[in-house]
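Chemist: The structure's right below; bear with me while I get my questions together.
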Amino acid sequence: MSHESERIAERAAEFLARSREETPAQRQEREDWLAADPRHREVYLQLQRLDERASVLLKDPDVQARTGRDTDDLPRTPSAFRRWLWIAVIALLLLLGVLLAARSSGA
């Protein structure tokens, strides 16, 4: 995968991660970035679909039970857990986005 593809995937993941709580200025920045290059929109939409699928999986009782067992050693403060969960989700989305971008570009 090229450096440019990695940069696009990283930026798309950043925009997606903050999209639920973005300010109007941030939304405009995201929209401008998406319009600047068709690859931006393509990777962003791939990550968005992946995020939607991951959300469905995270609601699955079996996944929740396994996640609970796997995170027993994590700090129990709600903010620390939420922060860890977001970091894990963003890292997963970024990795999968990079893989999807590489696959769609024929690499």
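Identifiers in this document derive from the order of the structure tokens: chains are assigned A, B, ..., residues are numbered from 1 separately in each chain, and ligands are numbered from 1 in order of occurrence.
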Find the residues near segment 50-60 of chain A: any atom within 8 Å, counting only C-alpha atoms, skip ones fewer than 4 places away on the same chain, and give them as a VMD selection string.
Modeler: chain A and resid 46 64 93 96
Chemist: Would you write out those residues with N, CA and C atoms, as an mmCIF file, in the first residue's frame?
Modeler:
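Final output, out_33.cif:
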data_model
loop_
_atom_site.group_PDB
_atom_site.id
_atom_site.type_symbol
_atom_site.label_atom_id
_atom_site.label_comp_id
_atom_site.auth_asym_id
_atom_site.auth_seq_id
_atom_site.Cartn_x
_atom_site.Cartn_y
_atom_site.Cartn_z
ATOM 1 N N GLN A 46 -16.317 3.155 2.877
ATOM 2 C CA GLN A 46 -15.948 1.793 3.270
ATOM 3 C C GLN A 46 -15.807 1.694 4.785
ATOM 4 N N GLN A 64 -20.518 -9.492 23.411
ATOM 5 C CA GLN A 64 -20.452 -8.709 24.649
ATOM 6 C C GLN A 64 -19.903 -9.550 25.796
ATOM 7 N N LEU A 93 -10.918 -0.100 12.752
ATOM 8 C CA LEU A 93 -11.444 0.526 11.541
ATOM 9 C C LEU A 93 -10.323 1.004 10.631
ATOM 10 N N LEU A 96 -8.752 -2.117 8.977
ATOM 11 C CA LEU A 96 -9.630 -2.672 7.957
ATOM 12 C C LEU A 96 -9.797 -1.709 6.780
#
Chemist: Quick one: residues within 10 Å of Trp33 of chain A, only C-alpha atoms counted, chain neighbours fewer than 6 positions away excluded, as a list in words?
Modeler: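 Using only C-alpha atoms, the neighbours found are Ile8, Arg11, Ala12, Phe15, Arg27, His40 and Arg41 of chain A.
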Chemist: Quote the spacing between atom CA of Arg20 of chain A and atom CA of Val89 of chain A in Å to one decimal place.
Modeler: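 Separation between atom CA of Arg20 of chain A and atom CA of Val89 of chain A: 14.1 Å.
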Chemist: Which residue, A:Asp32, A:Arg82, A:Ala13, A:Glu22, has the smallest gap to Leu47 of chain A when you use only C-alpha atoms?
Modeler: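 Comparing A:Asp32, A:Arg82, A:Ala13, A:Glu22 against Leu47 of chain A, the winner is A:Ala13.
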Chemist: Using atom CA of Leu100 of chain A and atom CA of Arg83 of chain A as the two end points, give the distance in Å to one decimal.
Modeler: 25.3 Å
